[in-house]
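Here's the structure we're looking at; comments come further down.
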Amino acid sequence: MSDLQIGLIILGLVLIGVLLAFNWWQDRRVRRRMQQQFQPPAHDPLLDAEQGARSQTEPVLSQSAVAPGTERREPGMGGDTPAAEETAAAAPVAPAAPAAMVTARGAADVPADSATEALISISFAAPVSGADLLGAVHPLRQQARKSLRFFAFSAQGTLRQHLTTQDSYASLHIAVQLANRAGAISQAEWLQIWSRAQDVAKRCNGKVSGPEQAAVLEQAVQLDRVAAALDAELSVTLALTEPRPAAEVLAVAHELGFQSAGGVLAWMSEQGLVRFTLARGDGALFEMGQAPLAHLSLLLDVPRSPADEHAFGRMVKVGRDLAARLDAHLIDDNGRPLADGAEKVIDQQLVRLYAQLDKAGLTAGSARALRVFS
């Protein structure tokens, strides 16, 4: 290799090095300019808004031992807060009774609740057997994240609220719950339900009709906002001096008046509605084992229990009786003994909350409230 060739190779390498260095310097200068132009703000607006909302809904009574705020997944007792009153007054859901009748595209006689549900209707070209329709609907029941209610008109024109294999059906109507404690129905959830309804229609030779997606989502957000401002759960804990066998706790609770209901023990009203419940402190079902229990929890789910001017006081009285029989202490979630007279103060707040629920069309203990606060 000649000296000229070697010199050209060296010169080429030097030029490549210069180009790489220039590109690196250029890239660094551009990055600096971008960082200066898109400097993040000192305050995050979303975090500021969330902190402001929390400060407005801070619980009045620590004895209630529930979570603050209006997050649907963690109901709290905010007391007589202006935010809750304004939300309920500005946007009531609907009159508490009777449930509104839907007037959507030939489904006027379906008793769905237009204030809290969206109605999807499927009309069939020819009557469909109950067995075929049940088979087509099964995937929809299994995959829906929001509660669904099914109504159908038989081939004879009779409205049925339960599908059976004995009937044939001319149409199917699906009432979709717009919001519950998991939040408002999302676009993805609505699209999934709509897609499954289309599958039912295709399988059974039918035609689907229903409300516009934008209207459904807007109504769902409004319902969720109202319900979240009025949601509340109150609890107290029984700390046993010594662990007791689950069988013994069950026997004492039944003797006192509790009734078994879905893995928990319920204190029922005269109308057969659940006032409050007793559960194991570890969260397991009573039937899950006979291991000794050291803690029990009494829970008053305010929107799901019937209105009562002594709701919390009644639960505390039963809790004290139960504590005396099981040699336990009645404490709040902070581990402090429940203060004497606290139940009277909390009951006064609950009376106002029950009134707000009524005004919003979500009467405590009603079928509508049970759906929305599920």
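By convention here, the chains of the structure tokens are called A, B, ... in the order presented, each chain's residues are numbered starting at 1, and ligands are numbered starting at 1 in the order presented.
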Subject >> Selection near A:Asp332, 6 Å with only C-alpha atoms, sequence-local residues under 3 positions removed, as a PyMOL selection string >> reply: chain A and resi 65+236-237+335-336+338
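When the distance limit is 8 Å and only C-alpha atoms are what count, the residues near A:Leu298, minus those fewer than 2 positions from it on the same chain, are Ser235, Val236, Thr237, Leu238, Phe276, Thr277, Leu278, Ala279, Leu296, Leu300, Met315 and Gly319 of chain A.
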Mind writing the picked residues with N, CA and C atoms as a tab-separated table (two decimals), in the first residue's frame?
chain	number	residue	atom	x	y	z
A	235	SER	N	-68.17	1.91	60.21
A	235	SER	CA	-67.81	0.62	60.80
A	235	SER	C	-67.23	0.80	62.19
A	236	VAL	N	-67.40	-0.22	62.99
A	236	VAL	CA	-66.75	-0.32	64.30
A	236	VAL	C	-66.21	-1.74	64.43
A	237	THR	N	-65.22	-1.91	65.29
A	237	THR	CA	-64.54	-3.20	65.43
A	237	THR	C	-64.72	-3.75	66.83
A	238	LEU	N	-64.92	-5.06	66.91
A	238	LEU	CA	-64.94	-5.75	68.19
A	238	LEU	C	-63.62	-6.47	68.35
A	276	PHE	N	-77.36	-3.58	58.98
A	276	PHE	CA	-75.91	-3.60	59.07
A	276	PHE	C	-75.46	-5.05	59.13
A	277	THR	N	-74.16	-5.28	58.99
A	277	THR	CA	-73.65	-6.64	58.92
A	277	THR	C	-72.51	-6.85	59.91
A	278	LEU	N	-72.30	-8.11	60.24
A	278	LEU	CA	-71.19	-8.52	61.10
A	278	LEU	C	-70.30	-9.46	60.29
A	279	ALA	N	-69.02	-9.16	60.24
A	279	ALA	CA	-68.08	-9.96	59.44
A	279	ALA	C	-66.84	-10.29	60.24
A	296	LEU	N	-63.84	-8.82	65.03
A	296	LEU	CA	-65.07	-8.82	64.24
A	296	LEU	C	-65.33	-7.38	63.81
A	300	LEU	N	-72.11	-0.53	58.66
A	300	LEU	CA	-73.35	0.10	58.22
A	300	LEU	C	-73.10	0.71	56.85
A	315	MET	N	-76.69	0.17	65.61
A	315	MET	CA	-75.57	-0.75	65.39
A	315	MET	C	-74.62	-0.77	66.59
A	319	GLY	N	-73.63	-3.79	68.96
A	319	GLY	CA	-72.21	-4.07	69.12
A	319	GLY	C	-71.79	-4.17	70.57
Original post:
Would you give me, as number ranges by chain, the residues in stretch 137-170 of chain A that DSSP reads as alpha helix (DSSP H)?
Top reply: A: 137-143
Output of the above residues as a PDB file, in the first residue's frame, restricted to N, CA, C and O atoms:
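Listing of part_16.pdb after writing:
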ATOM      1  N   VAL A 137     -77.160 -15.475  25.128  1.00  0.00           N
ATOM      2  CA  VAL A 137     -76.973 -14.419  26.133  1.00  0.00           C
ATOM      3  C   VAL A 137     -75.895 -14.774  27.152  1.00  0.00           C
ATOM      4  O   VAL A 137     -75.294 -13.885  27.762  1.00  0.00           O
ATOM      5  N   HIS A 138     -75.608 -16.047  27.313  1.00  0.00           N
ATOM      6  CA  HIS A 138     -74.678 -16.479  28.372  1.00  0.00           C
ATOM      7  C   HIS A 138     -73.331 -15.766  28.326  1.00  0.00           C
ATOM      8  O   HIS A 138     -72.854 -15.296  29.379  1.00  0.00           O
ATOM      9  N   PRO A 139     -72.664 -15.642  27.156  1.00  0.00           N
ATOM     10  CA  PRO A 139     -71.375 -14.922  27.146  1.00  0.00           C
ATOM     11  C   PRO A 139     -71.493 -13.475  27.604  1.00  0.00           C
ATOM     12  O   PRO A 139     -70.582 -12.938  28.238  1.00  0.00           O
ATOM     13  N   LEU A 140     -72.618 -12.850  27.304  1.00  0.00           N
ATOM     14  CA  LEU A 140     -72.840 -11.468  27.725  1.00  0.00           C
ATOM     15  C   LEU A 140     -72.941 -11.379  29.238  1.00  0.00           C
ATOM     16  O   LEU A 140     -72.371 -10.487  29.871  1.00  0.00           O
ATOM     17  N   ARG A 141     -73.648 -12.308  29.843  1.00  0.00           N
ATOM     18  CA  ARG A 141     -73.761 -12.332  31.308  1.00  0.00           C
ATOM     19  C   ARG A 141     -72.402 -12.522  31.967  1.00  0.00           C
ATOM     20  O   ARG A 141     -72.085 -11.904  32.978  1.00  0.00           O
ATOM     21  N   GLN A 142     -71.577 -13.379  31.385  1.00  0.00           N
ATOM     22  CA  GLN A 142     -70.307 -13.749  31.999  1.00  0.00           C
ATOM     23  C   GLN A 142     -69.270 -12.644  31.914  1.00  0.00           C
ATOM     24  O   GLN A 142     -68.462 -12.466  32.827  1.00  0.00           O
ATOM     25  N   GLN A 143     -69.262 -11.885  30.816  1.00  0.00           N
ATOM     26  CA  GLN A 143     -68.165 -10.956  30.561  1.00  0.00           C
ATOM     27  C   GLN A 143     -68.467  -9.517  30.945  1.00  0.00           C
ATOM     28  O   GLN A 143     -67.546  -8.711  31.039  1.00  0.00           O
TER      29      GLN A 143
END
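Running DSSP on the backbone gives strand (DSSP E or B) for these residues within stretch 259-295 of chain A: Gln259, Ser260, Ala261, Val264, Leu265, Ala266, Trp267, Met268, Val274, Arg275, Phe276, Thr277, Leu278, Ala279, Arg280, Leu293, Ala294 and His295 of chain A.
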**OP:** Quote the spacing between atom CA of A:Val351 and atom CA of A:Ala307 in Å to one decimal place.
**Re:** 7.8 Å
Subject >> Contact residues around A:Ala126 with only C-alpha atoms at 9 Å, ignoring same-chain residues under 5 positions, as an NGL selection string >> reply: :A and (155 or 169-170 or 204-206)
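Taking atom CA of A:Val249 and atom CA of A:Asp347 as the two end points, the separation is 27.8 Å.
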